[in-house]
>>> print(open('coords.cif').read())   # mmCIF, C-alpha atoms
data_entry
loop_
_atom_site.label_atom_id
_atom_site.label_comp_id
_atom_site.auth_asym_id
_atom_site.auth_seq_id
_atom_site.Cartn_x
_atom_site.Cartn_y
_atom_site.Cartn_z
CA MET A 219 -22.02 -24.76 5.49
CA GLU A 220 -18.94 -24.54 3.30
CA LYS A 221 -15.60 -26.01 4.31
CA LEU A 222 -12.58 -23.75 4.00
CA SER A 223 -9.79 -24.82 1.67
CA ALA A 224 -6.42 -25.75 3.17
CA GLN A 225 -5.02 -22.48 1.79
CA ASP A 226 -7.73 -20.38 3.44
CA GLN A 227 -7.23 -22.23 6.73
CA GLY A 228 -3.54 -21.37 6.41
CA PHE A 229 -4.36 -17.68 5.99
CA LEU A 230 -6.40 -17.79 9.21
CA LYS A 231 -3.63 -19.61 11.08
CA MET A 232 -1.10 -17.00 9.95
CA ASP A 233 -3.40 -14.22 11.18
CA THR A 234 -2.11 -12.80 14.49
CA PRO A 235 -2.40 -9.47 16.36
CA ARG A 236 1.10 -8.65 15.02
CA CYS A 237 0.21 -9.72 11.50
CA PRO A 238 -3.45 -9.27 10.54
CA PHE A 239 -4.05 -11.16 7.31
CA HIS A 240 -6.41 -8.87 5.44
CA VAL A 241 -6.21 -7.03 2.12
CA ALA A 242 -7.67 -3.57 1.70
CA GLY A 243 -8.30 -0.64 -0.59
CA LEU A 244 -8.31 3.11 0.09
CA MET A 245 -10.49 5.05 -2.35
CA ILE A 246 -10.69 8.82 -2.82
CA LEU A 247 -13.97 10.12 -4.27
CA LYS A 248 -15.40 13.51 -5.20
CA ILE A 249 -18.82 14.41 -3.79
CA PRO A 250 -21.22 14.96 -6.72
CA GLU A 251 -22.50 18.43 -7.43
CA ASN A 252 -25.89 19.23 -5.88
CA ALA A 253 -25.55 16.27 -3.49
CA PRO A 254 -27.99 16.48 -0.55
CA ARG A 255 -26.63 17.36 2.91
CA ASN A 256 -27.15 13.78 4.10
CA TYR A 257 -25.41 12.26 1.06
CA ILE A 258 -22.57 10.62 3.02
CA ARG A 259 -24.92 9.30 5.71
CA GLY A 260 -27.08 7.74 3.01
CA LEU A 261 -24.01 6.10 1.46
CA VAL A 262 -23.02 4.70 4.87
CA THR A 263 -26.48 3.14 5.19
CA LYS A 264 -26.16 1.52 1.78
CA CYS A 265 -22.70 0.16 2.63
CA GLY A 266 -24.33 -1.56 5.59
CA ARG A 267 -26.27 -3.66 3.08
CA LEU A 268 -23.23 -4.97 1.18
CA ASN A 269 -23.90 -8.40 2.71
CA GLU A 270 -26.97 -8.51 0.45
CA LEU A 271 -24.81 -7.75 -2.60
CA TRP A 272 -22.02 -10.25 -1.86
CA PRO A 273 -22.91 -13.53 -0.10
CA ALA A 274 -19.29 -13.83 1.10
CA PHE A 275 -19.98 -10.79 3.30
CA ASN A 276 -22.81 -12.62 5.07
CA ARG A 277 -20.89 -15.65 6.33
CA LYS A 278 -18.73 -16.24 9.38
CA LEU A 279 -16.67 -18.99 10.95
CA ARG A 280 -18.69 -21.62 12.78
CA ASP A 281 -16.02 -21.85 15.49
CA PRO A 282 -13.36 -19.09 15.39
CA ASP A 283 -11.20 -21.01 17.88
CA ASP A 284 -11.14 -24.30 15.95
CA LEU A 285 -9.45 -23.95 12.56
CA SER A 286 -8.69 -27.63 12.03
CA GLY A 287 -12.09 -28.26 10.47
CA ALA A 288 -13.08 -24.66 9.78
CA VAL A 289 -16.33 -24.05 7.92
CA TRP A 290 -18.26 -20.97 6.85
CA ILE A 291 -21.84 -20.62 8.05
CA GLU A 292 -24.46 -17.96 7.36
CA ALA A 293 -24.32 -15.10 9.86
CA ASP A 294 -27.71 -14.91 11.55
CA ASP A 295 -26.59 -12.07 13.86
CA TYR A 296 -25.35 -9.55 11.27
CA VAL A 297 -25.35 -5.95 12.55
CA PRO A 298 -24.35 -3.23 10.02
CA GLU A 299 -22.80 -0.97 12.69
CA ARG A 300 -20.21 -3.66 13.46
CA HIS A 301 -18.91 -3.53 9.89
CA VAL A 302 -19.48 0.01 8.60
CA TYR A 303 -17.89 2.98 10.37
CA HIS A 304 -18.42 6.70 9.72
CA TYR A 305 -15.78 9.35 10.52
CA ALA A 306 -15.12 13.02 9.79
CA LEU A 307 -11.61 14.46 9.43
CA PRO A 308 -10.74 17.63 11.35
CA ALA A 309 -10.58 20.78 9.21
CA PRO A 310 -8.99 21.43 6.78
CA GLY A 311 -9.17 17.71 5.86
CA ARG A 312 -5.52 16.96 5.13
CA MET A 313 -4.42 13.86 3.21
CA GLN A 314 -1.92 12.97 5.94
CA ASP A 315 -4.76 12.83 8.48
CA LEU A 316 -6.64 10.40 6.23
CA VAL A 317 -3.54 8.23 5.80
CA ALA A 318 -3.04 8.18 9.58
CA LEU A 319 -6.64 7.06 10.11
CA ALA A 320 -6.39 4.38 7.40
CA THR A 321 -3.11 3.17 8.90
CA ARG A 322 -4.71 2.64 12.32
CA ALA A 323 -7.58 0.75 10.69
CA HIS A 324 -5.13 -1.36 8.67
CA GLU A 325 -3.24 -2.31 11.83
CA ARG A 326 -6.26 -3.64 13.69
CA PRO A 327 -7.24 -7.33 13.38
CA MET A 328 -10.87 -8.21 12.71
CA ASP A 329 -13.24 -9.95 15.10
CA ARG A 330 -13.41 -13.58 13.97
CA SER A 331 -16.84 -14.07 15.50
CA ARG A 332 -18.30 -11.80 12.78
CA PRO A 333 -18.17 -11.78 8.97
CA LEU A 334 -14.58 -10.81 8.13
CA TRP A 335 -14.93 -7.43 6.43
CA GLU A 336 -15.12 -3.73 7.31
CA VAL A 337 -15.88 -0.46 5.51
CA HIS A 338 -14.74 2.90 6.89
CA VAL A 339 -16.35 5.97 5.29
CA VAL A 340 -14.41 9.18 5.96
CA GLU A 341 -15.85 12.59 5.11
CA GLY A 342 -14.27 16.03 5.36
CA LEU A 343 -11.36 15.52 2.97
CA GLY A 344 -10.29 18.75 1.27
CA ALA A 345 -11.49 19.83 -2.20
CA ASN A 346 -15.03 18.49 -1.54
CA ARG A 347 -13.87 14.88 -1.38
CA PHE A 348 -14.36 11.88 0.90
CA ALA A 349 -12.70 8.49 1.27
CA ILE A 350 -13.64 4.85 1.74
CA TYR A 351 -11.27 2.34 3.33
CA CYS A 352 -12.45 -1.26 2.90
CA LYS A 353 -10.72 -4.38 4.19
CA VAL A 354 -11.49 -8.08 3.75
CA HIS A 355 -9.73 -11.07 5.29
CA HIS A 356 -7.50 -12.99 2.88
CA ALA A 357 -9.42 -16.18 3.75
CA VAL A 358 -12.53 -14.61 2.21
CA VAL A 359 -10.95 -13.29 -0.98
CA ASP A 360 -7.46 -12.74 -2.44
CA GLY A 361 -5.99 -9.36 -3.31
CA VAL A 362 -7.07 -9.32 -6.95
CA GLY A 363 -10.53 -10.60 -5.99
CA ALA A 364 -10.86 -7.86 -3.38
CA MET A 365 -10.04 -5.20 -5.97
CA GLN A 366 -12.59 -6.74 -8.35
CA MET A 367 -15.24 -6.66 -5.62
CA LEU A 368 -14.47 -3.03 -4.84
CA GLN A 369 -14.57 -2.08 -8.50
CA GLY A 370 -17.85 -4.01 -8.78
CA LEU A 371 -19.38 -1.36 -6.55
CA PHE A 372 -18.80 1.25 -9.23
CA SER A 373 -20.46 2.14 -12.50
CA THR A 374 -19.26 3.97 -15.59
CA SER A 375 -22.38 6.15 -15.33
CA PRO A 376 -22.62 8.98 -12.78
CA ARG A 377 -26.39 8.42 -12.66
CA ALA A 378 -26.22 4.77 -11.57
CA HIS A 379 -27.10 3.69 -8.02
CA LEU A 380 -26.40 0.62 -5.92
CA GLU A 381 -28.98 -2.08 -6.49
CA PHE A 382 -29.61 -4.81 -3.95
CA SER A 383 -31.86 -7.05 -6.01
CA PRO A 384 -30.86 -10.75 -6.11
CA ASN A 385 -28.26 -11.58 -8.74
CA GLU A 386 -28.24 -15.03 -10.30
CA GLN A 387 -24.45 -14.93 -10.60
CA GLN A 388 -24.12 -14.63 -6.82
CA VAL A 389 -25.89 -17.92 -6.11
CA THR A 390 -23.47 -20.59 -4.91
CA THR A 391 -24.06 -23.89 -6.71
CA ALA A 392 -23.90 -27.14 -4.76
CA ARG A 393 -20.71 -29.15 -5.18
CA ASN A 394 -20.89 -32.73 -6.36
CA SER A 395 -19.00 -34.47 -3.57
CA SER A 396 -19.46 -38.08 -4.62
CA LEU A 397 -16.58 -40.39 -3.71
CA LEU A 398 -16.07 -41.51 -7.32
CA LYS A 399 -15.79 -37.92 -8.53
CA GLN A 400 -13.35 -37.02 -5.76
CA LEU A 401 -11.17 -40.04 -6.58
CA GLY A 402 -11.23 -39.18 -10.27
CA THR A 403 -10.26 -35.57 -9.58
CA MET A 404 -7.47 -36.72 -7.25
CA ARG A 405 -6.12 -39.14 -9.86
CA ARG A 406 -6.07 -36.49 -12.58
CA GLY A 407 -4.42 -34.01 -10.22
CA LEU A 408 -1.68 -36.46 -9.22
CA LEU A 409 -1.05 -37.32 -12.88
CA ARG A 410 -0.71 -33.63 -13.76
CA GLN A 411 1.75 -33.10 -10.89
CA TYR A 412 3.79 -36.18 -11.94
CA ARG A 413 4.03 -34.96 -15.54
CA ALA A 414 5.09 -31.49 -14.32
CA ILE A 415 8.17 -32.75 -12.43
CA PRO A 416 10.57 -32.69 -15.44
CA GLU A 417 9.51 -29.14 -16.37
CA LEU A 418 9.94 -27.88 -12.83
CA SER A 419 13.30 -29.63 -12.52
CA ARG A 420 14.48 -28.06 -15.79
CA LEU A 421 13.51 -24.55 -14.57
CA LEU A 422 15.30 -25.02 -11.24
CA ALA A 423 18.36 -26.43 -13.04
CA HIS A 424 18.55 -23.34 -15.25
CA MET A 425 18.19 -21.04 -12.23
CA GLY A 426 20.87 -23.01 -10.39
CA ALA A 427 23.23 -22.81 -13.36
CA ASP A 428 22.77 -19.02 -13.48
CA ALA A 429 23.55 -18.80 -9.75
CA ILE A 430 26.66 -21.01 -10.00
CA GLY A 431 27.86 -19.08 -13.05
CA GLY A 432 27.54 -15.79 -11.16
CA ARG A 433 25.04 -14.40 -13.67
CA THR A 434 23.27 -11.53 -11.88
CA ASP A 435 20.87 -10.61 -14.70
CA ALA A 436 18.70 -13.66 -14.14
CA MET A 437 15.85 -15.01 -12.04
CA ARG A 438 16.93 -15.69 -8.48
CA LEU A 439 16.64 -18.94 -6.57
CA PRO A 440 14.39 -18.78 -3.49
CA PHE A 441 16.10 -18.12 -0.15
CA THR A 442 19.09 -16.36 -1.72
CA ALA A 443 18.05 -12.73 -1.12
CA PRO A 444 20.29 -10.60 1.12
CA ARG A 445 19.35 -10.10 4.78
CA THR A 446 17.99 -6.54 5.09
CA ARG A 447 16.04 -4.36 7.50
CA PHE A 448 12.93 -5.27 5.48
CA ASN A 449 13.25 -8.92 6.47
CA ARG A 450 13.16 -8.86 10.24
CA GLU A 451 10.46 -9.81 12.73
CA ILE A 452 7.63 -7.28 12.64
CA ASP A 453 5.38 -5.80 15.30
CA SER A 454 1.76 -4.64 15.04
CA ARG A 455 2.54 -1.14 13.79
CA ARG A 456 2.12 -0.25 10.13
CA ALA A 457 3.17 2.56 7.84
CA ILE A 458 1.31 3.38 4.64
CA VAL A 459 2.89 5.40 1.83
CA LEU A 460 0.83 6.59 -1.15
CA CYS A 461 2.15 7.83 -4.48
CA GLU A 462 0.83 8.43 -8.00
CA LEU A 463 2.55 8.31 -11.38
CA PRO A 464 1.13 9.18 -14.83
CA LEU A 465 0.22 6.07 -16.83
CA GLY A 466 0.73 7.52 -20.34
CA PRO A 467 4.42 8.46 -19.95
CA VAL A 468 5.15 5.16 -18.19
CA LYS A 469 3.65 3.28 -21.16
CA ALA A 470 5.77 5.35 -23.54
CA MET A 471 8.89 4.60 -21.49
CA ALA A 472 8.07 0.89 -21.61
CA ARG A 473 7.70 0.93 -25.40
CA LYS A 474 10.97 2.80 -25.84
CA ALA A 475 12.81 0.35 -23.59
CA GLY A 476 11.27 -2.70 -25.27
CA GLY A 477 9.66 -3.82 -22.02
CA SER A 478 6.39 -3.55 -20.13
CA VAL A 479 4.80 -1.12 -17.70
CA ASN A 480 5.66 -3.65 -15.00
CA ASP A 481 9.35 -3.46 -15.98
CA VAL A 482 9.38 0.34 -15.73
CA LEU A 483 7.68 0.24 -12.33
CA LEU A 484 10.11 -2.38 -11.04
CA ALA A 485 13.05 -0.23 -12.16
CA VAL A 486 11.47 2.86 -10.55
CA CYS A 487 11.04 0.96 -7.29
CA GLY A 488 14.64 -0.22 -7.53
CA GLY A 489 15.85 3.37 -7.84
CA ALA A 490 13.72 4.53 -4.91
CA LEU A 491 14.86 1.66 -2.67
CA ARG A 492 18.47 2.35 -3.60
CA ALA A 493 18.07 6.01 -2.57
CA TYR A 494 16.38 4.97 0.68
CA LEU A 495 19.17 2.53 1.56
CA LEU A 496 21.82 5.13 0.73
CA ALA A 497 20.13 7.56 3.13
CA GLN A 498 20.31 4.86 5.80
CA ASN A 499 23.99 4.16 4.99
CA GLU A 500 22.97 0.60 4.24
CA LEU A 501 23.30 -0.02 0.50
CA TYR A 502 23.95 -3.73 0.02
CA ARG A 503 26.52 -5.07 -2.44
CA SER A 504 23.95 -7.47 -3.91
CA SER A 505 20.59 -6.23 -5.14
CA LEU A 506 17.36 -6.43 -3.20
CA VAL A 507 15.06 -9.06 -4.67
CA ALA A 508 11.39 -8.69 -5.60
CA GLY A 509 8.73 -11.38 -5.50
CA MET A 510 6.25 -10.70 -8.31
CA PRO A 511 3.00 -12.57 -8.98
CA VAL A 512 2.62 -12.66 -12.78
CA SER A 513 -0.06 -13.64 -15.25
CA LEU A 514 1.22 -15.69 -18.22
CA LYS A 515 -0.66 -16.30 -21.45
CA SER A 516 -1.60 -19.92 -21.81
CA HIS A 517 -0.85 -22.30 -24.64
CA ALA A 518 -3.61 -22.93 -27.15
CA ASP A 519 -4.70 -26.09 -25.32
CA ASP A 520 -4.79 -24.40 -21.91
CA ALA A 521 -7.98 -23.01 -20.41
CA GLY A 522 -7.59 -19.48 -19.10
CA ASN A 523 -4.45 -17.77 -17.90
CA LYS A 524 -1.59 -19.16 -15.86
CA LEU A 525 -0.50 -17.56 -12.61
CA SER A 526 3.03 -17.97 -11.41
CA TYR A 527 5.81 -16.10 -9.65
CA ILE A 528 8.97 -14.34 -10.72
CA ILE A 529 11.83 -13.71 -8.30
CA ALA A 530 13.81 -10.89 -9.89
CA PRO A 531 16.32 -8.27 -8.72
CA PHE A 532 15.28 -4.65 -8.11
CA PHE A 533 18.87 -3.86 -9.20
CA THR A 534 19.35 -1.54 -6.24
CA ASN A 535 23.11 -2.02 -6.79
CA GLU A 536 22.90 -0.37 -10.24
CA PRO A 537 23.48 3.42 -10.01
CA ASP A 538 22.50 4.17 -13.63
CA ALA A 539 18.71 4.47 -14.06
CA LEU A 540 18.69 3.48 -17.74
CA LYS A 541 20.96 0.47 -17.22
CA ARG A 542 18.74 -0.59 -14.31
CA LEU A 543 15.69 -0.64 -16.57
CA GLN A 544 17.56 -2.49 -19.32
CA ARG A 545 18.65 -5.14 -16.84
CA VAL A 546 15.11 -5.51 -15.50
CA VAL A 547 13.75 -5.97 -19.03
CA LYS A 548 16.38 -8.63 -19.73
CA VAL A 549 15.56 -10.62 -16.59
CA THR A 550 11.77 -10.48 -16.82
CA ALA A 551 11.76 -11.27 -20.57
CA LYS A 552 13.86 -14.37 -19.95
CA ALA A 553 11.76 -15.39 -16.95
CA LYS A 554 8.46 -15.03 -18.80
CA ALA A 555 9.83 -16.91 -21.81
CA GLU A 556 10.93 -19.77 -19.57
CA LEU A 557 7.71 -19.90 -17.57
CA SER A 558 5.55 -19.63 -20.69
CA GLN A 559 7.01 -22.95 -21.91
CA MET A 560 5.75 -24.68 -18.77
CA SER A 561 2.38 -26.32 -18.27
CA THR A 562 -0.14 -24.82 -15.88
CA ALA A 563 0.62 -27.56 -13.34
CA ALA A 564 4.37 -26.88 -13.44
CA ALA A 565 3.86 -23.11 -13.10
CA GLU A 566 1.57 -23.67 -10.11
CA ASP A 567 4.06 -26.13 -8.58
CA TYR A 568 6.81 -23.54 -8.87
CA TYR A 569 4.65 -21.04 -6.99
CA ALA A 570 3.85 -23.68 -4.34
CA LEU A 571 7.54 -24.54 -4.03
CA ILE A 572 8.21 -20.93 -3.06
CA MET A 573 5.21 -20.34 -0.81
CA ALA A 574 4.90 -23.64 1.10
CA PRO A 575 8.18 -23.33 3.07
CA THR A 576 7.52 -19.61 3.56
CA ILE A 577 4.15 -20.31 5.18
CA LEU A 578 5.60 -23.15 7.29
CA LEU A 579 8.48 -20.99 8.53
CA THR A 580 6.05 -18.18 9.40
CA LEU A 581 3.68 -20.48 11.30
CA THR A 582 6.56 -21.97 13.31
CA GLY A 583 8.14 -18.59 14.08
CA ASN A 584 11.32 -19.36 12.12
CA ALA A 585 10.89 -17.00 9.16
CA THR A 586 13.77 -14.73 10.18
CA ARG A 587 16.22 -17.58 10.92
CA VAL A 588 16.96 -18.35 7.28
CA ARG A 589 17.94 -16.26 4.26
CA PRO A 590 14.89 -14.36 2.94
CA VAL A 591 12.97 -15.79 -0.01
CA ILE A 592 12.64 -12.21 -1.26
CA ASN A 593 13.17 -8.75 0.20
CA ALA A 594 9.85 -7.21 -0.82
CA ILE A 595 6.65 -8.10 -2.63
CA PHE A 596 5.93 -6.11 -5.79
CA SER A 597 2.59 -6.46 -7.56
CA ASN A 598 1.01 -4.55 -10.44
CA VAL A 599 -2.77 -4.99 -10.88
CA PRO A 600 -4.61 -3.63 -13.95
CA GLY A 601 -7.57 -1.42 -13.08
CA SER A 602 -10.29 0.42 -14.99
CA ARG A 603 -9.52 2.45 -18.10
CA GLU A 604 -12.81 4.36 -17.73
CA LYS A 605 -13.98 6.80 -15.11
CA LEU A 606 -15.96 5.11 -12.34
CA TYR A 607 -18.73 6.42 -10.09
CA LEU A 608 -20.32 5.35 -6.81
CA GLU A 609 -23.73 6.88 -6.17
CA GLY A 610 -22.71 9.74 -8.48
CA ALA A 611 -19.35 10.29 -6.77
CA GLU A 612 -16.39 10.09 -9.14
CA LEU A 613 -13.57 7.76 -8.09
CA GLU A 614 -10.36 9.81 -8.26
CA SER A 615 -7.85 7.29 -6.87
CA ILE A 616 -7.81 3.74 -5.51
CA TYR A 617 -4.82 2.45 -3.54
CA PRO A 618 -4.45 -1.30 -2.90
CA LEU A 619 -3.07 -2.18 0.55
CA SER A 620 -1.74 -5.63 1.24
CA ILE A 621 -0.07 -7.79 3.89
CA VAL A 622 3.37 -7.75 5.50
CA THR A 623 4.72 -10.62 7.58
CA ASP A 624 7.85 -11.64 9.47
CA ALA A 625 10.78 -11.66 7.01
CA MET A 626 8.65 -9.85 4.40
CA GLY A 627 8.03 -6.44 5.91
CA LEU A 628 7.62 -4.42 2.71
CA ASN A 629 4.79 -4.71 0.18
CA ILE A 630 4.52 -2.46 -2.90
CA THR A 631 1.28 -2.75 -4.86
CA VAL A 632 0.28 -0.73 -7.93
CA LEU A 633 -3.20 -0.35 -9.41
CA SER A 634 -3.89 1.55 -12.63
CA HIS A 635 -6.94 3.81 -12.76
CA VAL A 636 -7.91 5.72 -15.93
CA ASN A 637 -4.73 7.71 -16.72
CA LYS A 638 -2.62 7.16 -13.59
CA LEU A 639 -0.90 4.55 -11.50
CA CYS A 640 -1.85 4.45 -7.82
CA ILE A 641 1.01 3.07 -5.71
CA ALA A 642 0.57 1.94 -2.11
CA VAL A 643 3.41 0.79 0.13
CA ALA A 644 2.60 -1.15 3.30
CA SER A 645 5.38 -1.76 5.79
CA CYS A 646 6.30 -2.18 9.46
CA PRO A 647 8.11 1.02 10.52
CA ARG A 648 9.89 -0.41 13.58
CA ASP A 649 13.08 -1.25 11.67
CA GLN A 650 12.42 1.06 8.71
CA PRO A 651 13.12 4.63 9.86
CA ASP A 652 11.80 7.41 7.64
CA ILE A 653 10.03 4.90 5.39
CA GLU A 654 7.55 7.71 4.58
CA SER A 655 10.28 9.20 2.37
CA LEU A 656 9.69 6.35 -0.10
CA GLY A 657 6.81 8.28 -1.71
CA PRO A 658 8.95 11.27 -2.82
CA LEU A 659 11.80 8.87 -3.68
CA LEU A 660 9.52 6.92 -6.04
CA LYS A 661 8.59 10.14 -7.85
CA GLN A 662 12.25 11.20 -8.09
CA SER A 663 13.26 7.77 -9.39
CA TYR A 664 10.54 8.05 -12.05
CA ARG A 665 11.83 11.48 -13.11
CA ASP A 666 15.42 10.21 -13.24
CA LEU A 667 14.45 7.28 -15.44
CA ARG A 668 12.33 9.39 -17.75
CA ALA A 669 15.22 11.84 -18.19
CA ALA A 670 17.60 8.96 -18.89
CA LEU A 671 15.31 7.65 -21.62
#
>>> encode(input="coords.cif", output="structure tokens")
Amino acid sequence: MEKLSAQDQGFLKMDTPRCPFHVAGLMILKIPENAPRNYIRGLVTKCGRLNELWPAFNRKLRDPDDLSGAVWIEADDYVPERHVYHYALPAPGRMQDLVALATRAHERPMDRSRPLWEVHVVEGLGANRFAIYCKVHHAVVDGVGAMQMLQGLFSTSPRAHLEFSPNEQQVTTARNSSLLKQLGTMRRGLLRQYRAIPELSRLLAHMGADAIGGRTDAMRLPFTAPRTRFNREIDSRRAIVLCELPLGPVKAMARKAGGSVNDVLLAVCGGALRAYLLAQNELYRSSLVAGMPVSLKSHADDAGNKLSYIIAPFFTNEPDALKRLQRVVKVTAKAKAELSQMSTAAAEDYYALIMAPTILLTLTGNATRVRPVINAIFSNVPGSREKLYLEGAELESIYPLSIVTDAMGLNITVLSHVNKLCIAVASCPRDQPDIESLGPLLKQSYRDLRAAL
């Protein structure tokens, strides 16, 4: 048995029929030349053995109805057909039919009495392609971890095949749970948090001074975003929008602007959201605000990277594409410089300061009764620079699909793959009419910005 962390228990408590709490990926692959007629069926059979590859796929909740002391146990009743599904699209295998199927799968909660993952293999996509939609509950793995697991399926060689031999790295080592060690860990943790208070206070003071001074090109304080149609109570319906942009030109645009790929993408999203709001006759005077998980390089005495959060404007109130990008670069550069001066503990505390009240408001059904923390989540995840293959099938695109909740009904996630950026938008369409137009609007915003540069 393995006890769930408080965070993972929170993810399960937030999981409802209206708001399933899983992360997912939609992958488009090309059937290899000279593949046998039963190639897809053979792949489905191998996917049914993924619980042998990843131990996390072979565990379930001991008592799905009791989350107060939730623990994982080994699933002794695993049945592949309950986790791996095989479909065929109607001819001619249109992309919109695949997106509709993936959307229905993304809407549906998972059965908590089973291991919390599913794989949907879809054949019949045009141009001799097929698709795999895979979803995993957030309590099992986070979004980045899910993408790493999916990419772990692939090889850089088209001749490689899935191997199910035991892997030493997959063995879970026993935790030393002695009382003395726990007390020592607790003491060190409390000391780190105590020392982080001045740093966190300094950051909040700077953000507050920017807000009082009316400086708009700065990080935003939590719970100061405008109330928008993206921040209402959601229902169980979902809309998925897919879009691709070329990675090379985006990198060149970033260099020319003195920013990053993330900055260019944030400005592109800002332009697309502005156009969407204009079409709805609902352009707000203040800008929509993005919540962005970021990775910060650590100091020399830090181990590993730091993860924190930036709350920055999309600058949807800026009509000029070039000025929008310049303002984004200014805000994110200042935010990263400020956060990079903080210790790991302070950066983590800042993230917790944002998320803790958000989770509490969601669990108590009060998320829409206060000003939104942010208007939309925006995340950019680095992917593979090399071509990848699964059982000889080349991976053409991989779209990361994430979670929307009450008061945060729009999630934009980007994953790079070889020479392109795969963008996936997950939303609740009830209060977002014509949200499917966001795909073409993202491409137009990219073209506008490239022309401006």
>>> residues_around(input="coords.cif", residues="A:Leu501", least_positions_apart="3", cutoff="10 Å", atoms="all atoms listed in the file", output="list in words")
Thr446, Leu491, Arg492, Ala493, Tyr494, Leu495, Leu496, Ala497, Gln498, Ser504, Ser505, Leu506, Thr534 and Asn535 of chain A
>>> residues_near_point(input="coords.cif", point="(-3.4, 10.4, -14.0)", cutoff="12 Å", atoms="only C-alpha atoms", output="NGL selection string")
:A and (461-468 or 603-605 or 614-616 or 633-641)
>>> atom_distance(input="coords.cif", atom1="atom CA of A:Ile630", atom2="atom CA of A:Ala470")
22.1 Å
>>> residues_near_point(input="coords.cif", point="(-19.5, -9.4, -0.5)", cutoff="12 Å", atoms="all atoms listed in the file", output="VMD selection string")
chain A and resid 265 to 277 301 333 to 337 352 to 355 358 to 359 363 to 371 382 388
>>> write_last_selection(input="coords.cif", atoms="C-alpha atoms", output="tab-separated table (two decimals), in the frame of the given file")
chain	number	residue	atom	x	y	z
A	265	CYS	CA	-22.70	0.16	2.63
A	266	GLY	CA	-24.33	-1.56	5.59
A	267	ARG	CA	-26.27	-3.66	3.08
A	268	LEU	CA	-23.23	-4.97	1.18
A	269	ASN	CA	-23.90	-8.40	2.71
A	270	GLU	CA	-26.97	-8.51	0.45
A	271	LEU	CA	-24.81	-7.75	-2.60
A	272	TRP	CA	-22.02	-10.25	-1.86
A	273	PRO	CA	-22.91	-13.53	-0.10
A	274	ALA	CA	-19.29	-13.83	1.10
A	275	PHE	CA	-19.98	-10.79	3.30
A	276	ASN	CA	-22.81	-12.62	5.07
A	277	ARG	CA	-20.89	-15.65	6.33
A	301	HIS	CA	-18.91	-3.53	9.89
A	333	PRO	CA	-18.17	-11.78	8.97
A	334	LEU	CA	-14.58	-10.81	8.13
A	335	TRP	CA	-14.93	-7.43	6.43
A	336	GLU	CA	-15.12	-3.73	7.31
A	337	VAL	CA	-15.88	-0.46	5.51
A	352	CYS	CA	-12.45	-1.26	2.90
A	353	LYS	CA	-10.72	-4.38	4.19
A	354	VAL	CA	-11.49	-8.08	3.75
A	355	HIS	CA	-9.73	-11.07	5.29
A	358	VAL	CA	-12.53	-14.61	2.21
A	359	VAL	CA	-10.95	-13.29	-0.98
A	363	GLY	CA	-10.53	-10.60	-5.99
A	364	ALA	CA	-10.86	-7.86	-3.38
A	365	MET	CA	-10.04	-5.20	-5.97
A	366	GLN	CA	-12.59	-6.74	-8.35
A	367	MET	CA	-15.24	-6.66	-5.62
A	368	LEU	CA	-14.47	-3.03	-4.84
A	369	GLN	CA	-14.57	-2.08	-8.50
A	370	GLY	CA	-17.85	-4.01	-8.78
A	371	LEU	CA	-19.38	-1.36	-6.55
A	382	PHE	CA	-29.61	-4.81	-3.95
A	388	GLN	CA	-24.12	-14.63	-6.82
>>> atom_distance(input="coords.cif", atom1="atom CA of A:Ala644", atom2="atom CA of A:Arg456")
6.9 Å
>>> atom_distance(input="coords.cif", atom1="atom CA of A:Cys646", atom2="atom CA of A:Tyr617")
17.7 Å
>>> resolve_selection(input="coords.cif", expression="the PyMOL selection byres ((chain A and resi 314) around 12)", output="JSON, numbers by chain")
{"A": [307, 308, 310, 311, 312, 313, 315, 316, 317, 318, 319, 320, 321, 343, 344, 457, 458, 459, 460, 654]}
>>> resolve_selection(input="coords.cif", expression="the PyMOL selection byres ((chain A and resi 244) around 7)", output="ChimeraX atom specification")
/A:242-243,245-246,350-352,616-618
>>> closest_residue(input="coords.cif", among="A:Ala224, A:Met232, A:Val486, A:Ile528", to="A:Thr582", atoms="only C-alpha atoms")
A:Met232
